[in-house]
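*Asks:* Sharing a structure below in structure tokens format, with a few things to ask.
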Amino acid sequence: QVQLVESGGGLVQAGGSLRLSCAASISIFSIIPWGWYRQVPGKERALVAGITRGGSTNYADSVKGRFTISRDNAEKMVYLQMNSLKLEDTAVYYCNGMMAYSYPWGQGTQVTVSS
């Protein structure tokens with residue numbers, strides 16, 4: 001059974017940085033396009049960053065230039081470097097595959113940005 005375990009969230013002041021990590025227990029990790037998603041109460045989960053099997057990346061306009069997604073196929077890890085954090089980045093962050101690759105959601109990691 002696939003398990004996704006996110007970590008690295010916390011409380012940070014606006015303008016600060018955090019690095020999120022996602023450990024994925026799946027044998028075909030390297031061929032999966034991975035994404036980081038976030039959800040705030042009352043809203044649907046939304047994709048904020050994605051990375052293809054080849055390493056191409058894409059970002060939501062709201063995080064472009066501030067967030068960087070990366071992957072380590074050997075360690076089966078996906079990362080999200082978040083810089084210049086804003087109050088509106090406060091959310092629970094999740095990783096999962098993209099497109100046809102969707103797995104049971106992990107517990108997510110809470111990111112809270114304070115003023």
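Residue names in the structure tokens use chain letters A, B, ... in the order shown, residue numbers from 1 in each chain, and ligand numbers from 1 in the order shown.
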Write out as a ChimeraX atom specification which residues come within 8 Å of stretch 48-64 of chain A when counting only C-alpha atoms, dropping same-chain ones fewer than 4 positions away.
*Replies:* /A:30-38,68-71,98
*Asks:* Please provide as a ChimeraX atom specification all residues within 12 Å of A:Ala74, with the sequence filter that same-chain residues fewer than 6 positions apart are discarded (counting only C-alpha atoms).
*Replies:* /A:23-31
*Asks:* For A:Val113, work out the shell of residues within 10 Å, counting only C-alpha atoms and skipping chain neighbours fewer than 3 positions away, then give it as number ranges by chain.
*Replies:* A: 10-17, 85-91, 110
*Asks:* Mind pulling up the distance from atom CA of A:Ser102 to atom CA of A:Ser21?
*Replies:*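 Here the two named atoms are 17.9 Å from each other.
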*Asks:* From stretch 24-112 of chain A, collect each residue whose DSSP state is strand (DSSP E) and return the set as an mmCIF file with all heavy atoms, in the first residue's frame.
*Replies:*
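Wrote it out as states_7.cif, contents follow:
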```cif
data_model
loop_
_atom_site.group_PDB
_atom_site.id
_atom_site.type_symbol
_atom_site.label_atom_id
_atom_site.label_comp_id
_atom_site.auth_asym_id
_atom_site.auth_seq_id
_atom_site.Cartn_x
_atom_site.Cartn_y
_atom_site.Cartn_z
ATOM 1 N N ALA A 24 7.664 8.953 -0.093
ATOM 2 C CA ALA A 24 6.671 8.149 -0.806
ATOM 3 C C ALA A 24 7.135 6.704 -0.890
ATOM 4 O O ALA A 24 8.162 6.426 -1.503
ATOM 5 C CB ALA A 24 6.440 8.714 -2.201
ATOM 6 N N SER A 25 6.392 5.827 -0.300
ATOM 7 C CA SER A 25 6.753 4.400 -0.329
ATOM 8 C C SER A 25 6.082 3.752 -1.529
ATOM 9 O O SER A 25 5.007 3.168 -1.412
ATOM 10 C CB SER A 25 6.304 3.718 0.965
ATOM 11 O OG SER A 25 4.900 3.799 1.086
ATOM 12 N N TRP A 34 5.062 14.307 -9.695
ATOM 13 C CA TRP A 34 4.646 14.601 -8.324
ATOM 14 C C TRP A 34 4.210 16.052 -8.180
ATOM 15 O O TRP A 34 4.697 16.940 -8.882
ATOM 16 C CB TRP A 34 5.792 14.316 -7.356
ATOM 17 C CG TRP A 34 6.082 12.862 -7.220
ATOM 18 C CD1 TRP A 34 7.073 12.164 -7.836
ATOM 19 C CD2 TRP A 34 5.350 11.920 -6.426
ATOM 20 N NE1 TRP A 34 7.008 10.842 -7.477
ATOM 21 C CE2 TRP A 34 5.956 10.662 -6.610
ATOM 22 C CE3 TRP A 34 4.240 12.006 -5.579
ATOM 23 C CZ2 TRP A 34 5.501 9.507 -5.979
ATOM 24 C CZ3 TRP A 34 3.777 10.859 -4.948
ATOM 25 C CH2 TRP A 34 4.413 9.628 -5.153
ATOM 26 N N GLY A 35 3.321 16.237 -7.240
ATOM 27 C CA GLY A 35 2.843 17.585 -6.988
ATOM 28 C C GLY A 35 2.722 17.870 -5.503
ATOM 29 O O GLY A 35 2.580 16.958 -4.690
ATOM 30 N N TRP A 36 2.834 19.137 -5.178
ATOM 31 C CA TRP A 36 2.484 19.623 -3.848
ATOM 32 C C TRP A 36 1.155 20.367 -3.948
ATOM 33 O O TRP A 36 0.973 21.208 -4.834
ATOM 34 C CB TRP A 36 3.561 20.553 -3.302
ATOM 35 C CG TRP A 36 4.726 19.833 -2.717
ATOM 36 C CD1 TRP A 36 5.929 19.568 -3.322
ATOM 37 C CD2 TRP A 36 4.817 19.295 -1.390
ATOM 38 N NE1 TRP A 36 6.739 18.882 -2.460
ATOM 39 C CE2 TRP A 36 6.086 18.697 -1.267
ATOM 40 C CE3 TRP A 36 3.951 19.243 -0.299
ATOM 41 C CZ2 TRP A 36 6.517 18.067 -0.100
ATOM 42 C CZ3 TRP A 36 4.370 18.615 0.854
ATOM 43 C CH2 TRP A 36 5.635 18.042 0.954
ATOM 44 N N TYR A 37 0.282 20.050 -3.021
ATOM 45 C CA TYR A 37 -1.039 20.629 -2.973
ATOM 46 C C TYR A 37 -1.226 21.306 -1.619
ATOM 47 O O TYR A 37 -0.538 20.980 -0.661
ATOM 48 C CB TYR A 37 -2.104 19.539 -3.114
ATOM 49 C CG TYR A 37 -1.985 18.687 -4.354
ATOM 50 C CD1 TYR A 37 -1.016 17.699 -4.470
ATOM 51 C CD2 TYR A 37 -2.871 18.847 -5.413
ATOM 52 C CE1 TYR A 37 -0.907 16.906 -5.602
ATOM 53 C CE2 TYR A 37 -2.787 18.056 -6.552
ATOM 54 C CZ TYR A 37 -1.801 17.092 -6.634
ATOM 55 O OH TYR A 37 -1.706 16.311 -7.764
ATOM 56 N N ARG A 38 -2.175 22.208 -1.550
ATOM 57 C CA ARG A 38 -2.479 22.795 -0.252
ATOM 58 C C ARG A 38 -3.986 23.006 -0.120
ATOM 59 O O ARG A 38 -4.700 23.156 -1.115
ATOM 60 C CB ARG A 38 -1.734 24.102 -0.032
ATOM 61 C CG ARG A 38 -2.135 25.269 -0.911
ATOM 62 C CD ARG A 38 -1.193 26.454 -0.662
ATOM 63 N NE ARG A 38 -1.548 27.615 -1.459
ATOM 64 C CZ ARG A 38 -0.778 28.707 -1.551
ATOM 65 N NH1 ARG A 38 0.390 28.762 -0.880
ATOM 66 N NH2 ARG A 38 -1.172 29.730 -2.278
ATOM 67 N N GLN A 39 -4.406 23.009 1.138
ATOM 68 C CA GLN A 39 -5.826 23.146 1.416
ATOM 69 C C GLN A 39 -6.026 24.014 2.642
ATOM 70 O O GLN A 39 -5.346 23.835 3.656
ATOM 71 C CB GLN A 39 -6.471 21.775 1.635
ATOM 72 C CG GLN A 39 -7.982 21.812 1.764
ATOM 73 C CD GLN A 39 -8.587 20.427 1.780
ATOM 74 O OE1 GLN A 39 -7.958 19.451 2.187
ATOM 75 N NE2 GLN A 39 -9.838 20.321 1.321
ATOM 76 N N ALA A 46 -5.749 22.383 -3.643
ATOM 77 C CA ALA A 46 -5.287 22.957 -4.901
ATOM 78 C C ALA A 46 -3.816 22.630 -5.132
ATOM 79 O O ALA A 46 -3.020 22.641 -4.195
ATOM 80 C CB ALA A 46 -5.483 24.468 -4.889
ATOM 81 N N LEU A 47 -3.495 22.401 -6.378
ATOM 82 C CA LEU A 47 -2.103 22.126 -6.762
ATOM 83 C C LEU A 47 -1.322 23.431 -6.777
ATOM 84 O O LEU A 47 -1.745 24.405 -7.390
ATOM 85 C CB LEU A 47 -2.069 21.482 -8.137
ATOM 86 C CG LEU A 47 -0.701 21.140 -8.714
ATOM 87 C CD1 LEU A 47 -0.047 20.015 -7.929
ATOM 88 C CD2 LEU A 47 -0.831 20.756 -10.189
ATOM 89 N N VAL A 48 -0.173 23.446 -6.120
ATOM 90 C CA VAL A 48 0.652 24.658 -6.134
ATOM 91 C C VAL A 48 1.959 24.472 -6.887
ATOM 92 O O VAL A 48 2.536 25.442 -7.364
ATOM 93 C CB VAL A 48 0.951 25.169 -4.713
ATOM 94 C CG1 VAL A 48 -0.321 25.591 -4.004
ATOM 95 C CG2 VAL A 48 1.693 24.145 -3.882
ATOM 96 N N ALA A 49 2.429 23.230 -6.989
ATOM 97 C CA ALA A 49 3.690 23.002 -7.692
ATOM 98 C C ALA A 49 3.720 21.561 -8.188
ATOM 99 O O ALA A 49 3.232 20.665 -7.504
ATOM 100 C CB ALA A 49 4.885 23.258 -6.788
ATOM 101 N N GLY A 50 4.311 21.364 -9.356
ATOM 102 C CA GLY A 50 4.418 20.025 -9.908
ATOM 103 C C GLY A 50 5.767 19.800 -10.559
ATOM 104 O O GLY A 50 6.427 20.755 -10.996
ATOM 105 N N ILE A 51 6.180 18.545 -10.596
ATOM 106 C CA ILE A 51 7.442 18.195 -11.224
ATOM 107 C C ILE A 51 7.254 16.893 -11.981
ATOM 108 O O ILE A 51 6.728 15.917 -11.460
ATOM 109 C CB ILE A 51 8.582 18.098 -10.184
ATOM 110 C CG1 ILE A 51 9.922 17.865 -10.867
ATOM 111 C CG2 ILE A 51 8.300 17.042 -9.121
ATOM 112 C CD1 ILE A 51 11.116 18.092 -9.933
ATOM 113 N N THR A 57 9.263 21.594 -14.160
ATOM 114 C CA THR A 57 8.434 22.064 -13.055
ATOM 115 C C THR A 57 7.391 23.075 -13.526
ATOM 116 O O THR A 57 7.560 23.735 -14.562
ATOM 117 C CB THR A 57 9.291 22.719 -11.963
ATOM 118 O OG1 THR A 57 10.030 23.810 -12.536
ATOM 119 C CG2 THR A 57 10.266 21.718 -11.365
ATOM 120 N N ASN A 58 6.332 23.174 -12.759
ATOM 121 C CA ASN A 58 5.323 24.198 -13.008
ATOM 122 C C ASN A 58 4.745 24.636 -11.674
ATOM 123 O O ASN A 58 4.764 23.868 -10.706
ATOM 124 C CB ASN A 58 4.214 23.691 -13.940
ATOM 125 C CG ASN A 58 3.441 22.539 -13.350
ATOM 126 O OD1 ASN A 58 3.903 21.416 -13.352
ATOM 127 N ND2 ASN A 58 2.259 22.818 -12.818
ATOM 128 N N TYR A 59 4.276 25.870 -11.648
ATOM 129 C CA TYR A 59 3.828 26.457 -10.387
ATOM 130 C C TYR A 59 2.537 27.243 -10.585
ATOM 131 O O TYR A 59 2.297 27.827 -11.649
ATOM 132 C CB TYR A 59 4.896 27.402 -9.837
ATOM 133 C CG TYR A 59 6.212 26.723 -9.568
ATOM 134 C CD1 TYR A 59 7.206 26.682 -10.539
ATOM 135 C CD2 TYR A 59 6.449 26.101 -8.343
ATOM 136 C CE1 TYR A 59 8.409 26.038 -10.308
ATOM 137 C CE2 TYR A 59 7.653 25.461 -8.102
ATOM 138 C CZ TYR A 59 8.621 25.425 -9.083
ATOM 139 O OH TYR A 59 9.807 24.787 -8.840
ATOM 140 N N PHE A 67 8.389 29.560 -4.526
ATOM 141 C CA PHE A 67 8.453 28.138 -4.179
ATOM 142 C C PHE A 67 9.252 27.385 -5.237
ATOM 143 O O PHE A 67 9.202 27.715 -6.428
ATOM 144 C CB PHE A 67 7.046 27.536 -4.125
ATOM 145 C CG PHE A 67 6.199 27.981 -2.960
ATOM 146 C CD1 PHE A 67 6.568 29.043 -2.142
ATOM 147 C CD2 PHE A 67 5.016 27.323 -2.674
ATOM 148 C CE1 PHE A 67 5.790 29.445 -1.078
ATOM 149 C CE2 PHE A 67 4.210 27.705 -1.616
ATOM 150 C CZ PHE A 67 4.595 28.772 -0.821
ATOM 151 N N THR A 68 9.946 26.347 -4.783
ATOM 152 C CA THR A 68 10.693 25.478 -5.693
ATOM 153 C C THR A 68 10.438 24.029 -5.330
ATOM 154 O O THR A 68 10.694 23.626 -4.186
ATOM 155 C CB THR A 68 12.200 25.766 -5.617
ATOM 156 O OG1 THR A 68 12.453 27.145 -5.920
ATOM 157 C CG2 THR A 68 12.953 24.892 -6.617
ATOM 158 N N ILE A 69 9.961 23.264 -6.289
ATOM 159 C CA ILE A 69 9.743 21.840 -6.081
ATOM 160 C C ILE A 69 10.929 21.066 -6.633
ATOM 161 O O ILE A 69 11.511 21.451 -7.656
ATOM 162 C CB ILE A 69 8.423 21.374 -6.742
ATOM 163 C CG1 ILE A 69 8.091 19.935 -6.361
ATOM 164 C CG2 ILE A 69 8.462 21.566 -8.260
ATOM 165 C CD1 ILE A 69 6.702 19.477 -6.824
ATOM 166 N N SER A 70 11.287 19.995 -5.945
ATOM 167 C CA SER A 70 12.378 19.149 -6.421
ATOM 168 C C SER A 70 12.090 17.707 -6.008
ATOM 169 O O SER A 70 11.202 17.450 -5.202
ATOM 170 C CB SER A 70 13.720 19.622 -5.859
ATOM 171 O OG SER A 70 13.723 19.571 -4.446
ATOM 172 N N ARG A 71 12.860 16.810 -6.586
ATOM 173 C CA ARG A 71 12.651 15.395 -6.294
ATOM 174 C C ARG A 71 13.988 14.681 -6.201
ATOM 175 O O ARG A 71 14.963 15.077 -6.859
ATOM 176 C CB ARG A 71 11.768 14.735 -7.359
ATOM 177 C CG ARG A 71 12.360 14.766 -8.769
ATOM 178 C CD ARG A 71 11.335 14.338 -9.814
ATOM 179 N NE ARG A 71 10.952 12.940 -9.647
ATOM 180 C CZ ARG A 71 9.849 12.415 -10.172
ATOM 181 N NH1 ARG A 71 9.030 13.170 -10.883
ATOM 182 N NH2 ARG A 71 9.573 11.134 -9.985
ATOM 183 N N ASP A 72 14.008 13.622 -5.414
ATOM 184 C CA ASP A 72 15.178 12.760 -5.293
ATOM 185 C C ASP A 72 14.688 11.340 -5.541
ATOM 186 O O ASP A 72 14.107 10.719 -4.648
ATOM 187 C CB ASP A 72 15.807 12.902 -3.904
ATOM 188 C CG ASP A 72 17.076 12.094 -3.750
ATOM 189 O OD1 ASP A 72 17.238 11.065 -4.441
ATOM 190 O OD2 ASP A 72 17.911 12.473 -2.912
ATOM 191 N N MET A 77 11.907 10.880 -2.497
ATOM 192 C CA MET A 77 11.495 12.060 -1.753
ATOM 193 C C MET A 77 11.099 13.180 -2.716
ATOM 194 O O MET A 77 11.697 13.334 -3.781
ATOM 195 C CB MET A 77 12.618 12.560 -0.862
ATOM 196 C CG MET A 77 13.043 11.595 0.227
ATOM 197 S SD MET A 77 11.832 11.435 1.549
ATOM 198 C CE MET A 77 11.908 13.073 2.277
ATOM 199 N N VAL A 78 10.125 13.966 -2.294
ATOM 200 C CA VAL A 78 9.746 15.177 -3.004
ATOM 201 C C VAL A 78 9.853 16.332 -2.007
ATOM 202 O O VAL A 78 9.464 16.182 -0.850
ATOM 203 C CB VAL A 78 8.307 15.099 -3.551
ATOM 204 C CG1 VAL A 78 8.019 16.289 -4.456
ATOM 205 C CG2 VAL A 78 8.073 13.799 -4.306
ATOM 206 N N TYR A 79 10.388 17.449 -2.472
ATOM 207 C CA TYR A 79 10.605 18.586 -1.589
ATOM 208 C C TYR A 79 9.888 19.828 -2.127
ATOM 209 O O TYR A 79 9.669 19.964 -3.328
ATOM 210 C CB TYR A 79 12.098 18.890 -1.478
ATOM 211 C CG TYR A 79 12.910 17.732 -0.965
ATOM 212 C CD1 TYR A 79 13.644 16.936 -1.847
ATOM 213 C CD2 TYR A 79 12.949 17.430 0.386
ATOM 214 C CE1 TYR A 79 14.393 15.871 -1.386
ATOM 215 C CE2 TYR A 79 13.695 16.361 0.859
ATOM 216 C CZ TYR A 79 14.411 15.582 -0.037
ATOM 217 O OH TYR A 79 15.146 14.528 0.438
ATOM 218 N N LEU A 80 9.591 20.725 -1.200
ATOM 219 C CA LEU A 80 9.056 22.025 -1.583
ATOM 220 C C LEU A 80 9.767 23.083 -0.750
ATOM 221 O O LEU A 80 9.546 23.171 0.455
ATOM 222 C CB LEU A 80 7.551 22.111 -1.378
ATOM 223 C CG LEU A 80 6.897 23.393 -1.902
ATOM 224 C CD1 LEU A 80 6.978 23.445 -3.428
ATOM 225 C CD2 LEU A 80 5.447 23.502 -1.441
ATOM 226 N N GLN A 81 10.629 23.835 -1.396
ATOM 227 C CA GLN A 81 11.295 24.955 -0.740
ATOM 228 C C GLN A 81 10.395 26.167 -0.879
ATOM 229 O O GLN A 81 10.050 26.564 -2.001
ATOM 230 C CB GLN A 81 12.648 25.227 -1.380
ATOM 231 C CG GLN A 81 13.385 26.415 -0.784
ATOM 232 C CD GLN A 81 13.803 26.195 0.653
ATOM 233 O OE1 GLN A 81 14.289 25.123 1.007
ATOM 234 N NE2 GLN A 81 13.604 27.206 1.491
ATOM 235 N N MET A 82 10.029 26.742 0.241
ATOM 236 C CA MET A 82 9.111 27.882 0.249
ATOM 237 C C MET A 82 9.822 29.087 0.837
ATOM 238 O O MET A 82 10.216 29.062 2.006
ATOM 239 C CB MET A 82 7.860 27.548 1.058
ATOM 240 C CG MET A 82 7.159 26.277 0.614
ATOM 241 S SD MET A 82 5.574 26.027 1.431
ATOM 242 C CE MET A 82 6.117 25.859 3.112
ATOM 243 N N ALA A 91 -1.776 27.004 5.227
ATOM 244 C CA ALA A 91 -2.589 25.895 4.726
ATOM 245 C C ALA A 91 -1.989 24.592 5.228
ATOM 246 O O ALA A 91 -0.886 24.570 5.786
ATOM 247 C CB ALA A 91 -2.623 25.891 3.199
ATOM 248 N N VAL A 92 -2.702 23.510 4.988
ATOM 249 C CA VAL A 92 -2.129 22.178 5.144
ATOM 250 C C VAL A 92 -1.608 21.762 3.769
ATOM 251 O O VAL A 92 -2.319 21.862 2.770
ATOM 252 C CB VAL A 92 -3.167 21.155 5.651
ATOM 253 C CG1 VAL A 92 -2.523 19.783 5.789
ATOM 254 C CG2 VAL A 92 -3.741 21.607 6.984
ATOM 255 N N TYR A 93 -0.369 21.332 3.744
ATOM 256 C CA TYR A 93 0.301 20.970 2.489
ATOM 257 C C TYR A 93 0.406 19.453 2.368
ATOM 258 O O TYR A 93 0.763 18.763 3.336
ATOM 259 C CB TYR A 93 1.679 21.609 2.425
ATOM 260 C CG TYR A 93 1.625 23.086 2.128
ATOM 261 C CD1 TYR A 93 1.212 23.994 3.104
ATOM 262 C CD2 TYR A 93 1.969 23.585 0.876
ATOM 263 C CE1 TYR A 93 1.138 25.356 2.836
ATOM 264 C CE2 TYR A 93 1.900 24.943 0.600
ATOM 265 C CZ TYR A 93 1.482 25.820 1.572
ATOM 266 O OH TYR A 93 1.408 27.171 1.303
ATOM 267 N N TYR A 94 0.108 18.975 1.172
ATOM 268 C CA TYR A 94 0.142 17.552 0.872
ATOM 269 C C TYR A 94 0.940 17.305 -0.399
ATOM 270 O O TYR A 94 0.980 18.150 -1.294
ATOM 271 C CB TYR A 94 -1.272 17.011 0.619
ATOM 272 C CG TYR A 94 -2.284 17.238 1.708
ATOM 273 C CD1 TYR A 94 -2.980 18.433 1.794
ATOM 274 C CD2 TYR A 94 -2.564 16.243 2.636
ATOM 275 C CE1 TYR A 94 -3.931 18.641 2.777
ATOM 276 C CE2 TYR A 94 -3.517 16.432 3.627
ATOM 277 C CZ TYR A 94 -4.187 17.635 3.691
ATOM 278 O OH TYR A 94 -5.141 17.818 4.680
ATOM 279 N N CYS A 95 1.510 16.126 -0.493
ATOM 280 C CA CYS A 95 2.089 15.721 -1.770
ATOM 281 C C CYS A 95 1.265 14.558 -2.315
ATOM 282 O O CYS A 95 0.605 13.824 -1.575
ATOM 283 C CB CYS A 95 3.552 15.330 -1.634
ATOM 284 S SG CYS A 95 3.818 13.793 -0.732
ATOM 285 N N ASN A 96 1.283 14.408 -3.608
ATOM 286 C CA ASN A 96 0.613 13.300 -4.272
ATOM 287 C C ASN A 96 1.066 13.291 -5.715
ATOM 288 O O ASN A 96 1.706 14.245 -6.195
ATOM 289 C CB ASN A 96 -0.909 13.435 -4.201
ATOM 290 C CG ASN A 96 -1.608 12.077 -4.174
ATOM 291 O OD1 ASN A 96 -1.213 11.156 -4.888
ATOM 292 N ND2 ASN A 96 -2.629 11.953 -3.350
ATOM 293 N N GLY A 97 0.749 12.214 -6.385
ATOM 294 C CA GLY A 97 1.028 12.168 -7.801
ATOM 295 C C GLY A 97 0.100 13.100 -8.551
ATOM 296 O O GLY A 97 -0.860 13.643 -7.994
ATOM 297 N N THR A 109 1.050 18.406 6.179
ATOM 298 C CA THR A 109 1.846 19.133 7.155
ATOM 299 C C THR A 109 1.355 20.579 7.191
ATOM 300 O O THR A 109 1.177 21.211 6.150
ATOM 301 C CB THR A 109 3.354 19.048 6.831
ATOM 302 O OG1 THR A 109 4.105 19.640 7.884
ATOM 303 C CG2 THR A 109 3.715 19.669 5.497
ATOM 304 N N GLN A 110 1.109 21.072 8.380
ATOM 305 C CA GLN A 110 0.521 22.399 8.549
ATOM 306 C C GLN A 110 1.595 23.475 8.424
ATOM 307 O O GLN A 110 2.643 23.402 9.080
ATOM 308 C CB GLN A 110 -0.149 22.512 9.914
ATOM 309 C CG GLN A 110 -0.675 23.912 10.252
ATOM 310 C CD GLN A 110 -1.903 24.278 9.450
ATOM 311 O OE1 GLN A 110 -2.844 23.489 9.361
ATOM 312 N NE2 GLN A 110 -1.916 25.483 8.884
ATOM 313 N N VAL A 111 1.320 24.444 7.598
ATOM 314 C CA VAL A 111 2.166 25.630 7.485
ATOM 315 C C VAL A 111 1.338 26.828 7.925
ATOM 316 O O VAL A 111 0.265 27.071 7.384
ATOM 317 C CB VAL A 111 2.656 25.823 6.036
ATOM 318 C CG1 VAL A 111 3.370 27.173 5.897
ATOM 319 C CG2 VAL A 111 3.580 24.682 5.642
ATOM 320 N N THR A 112 1.852 27.531 8.904
ATOM 321 C CA THR A 112 1.171 28.715 9.405
ATOM 322 C C THR A 112 2.116 29.899 9.317
ATOM 323 O O THR A 112 3.210 29.863 9.873
ATOM 324 C CB THR A 112 0.705 28.528 10.852
ATOM 325 O OG1 THR A 112 -0.145 27.386 10.938
ATOM 326 C CG2 THR A 112 -0.056 29.758 11.340
#
```
*Asks:* By how many Å are atom CA of A:Lys76 and atom CA of A:Gln3 apart?
*Replies:* 11.4 Å
*Asks:* What separation in Å, quoted to one decimal, exists between atom CA of A:Glu44 and atom CA of A:Arg19?
*Replies:*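 Atom-to-atom, atom CA of A:Glu44 and atom CA of A:Arg19 are spaced 22.8 Å apart.
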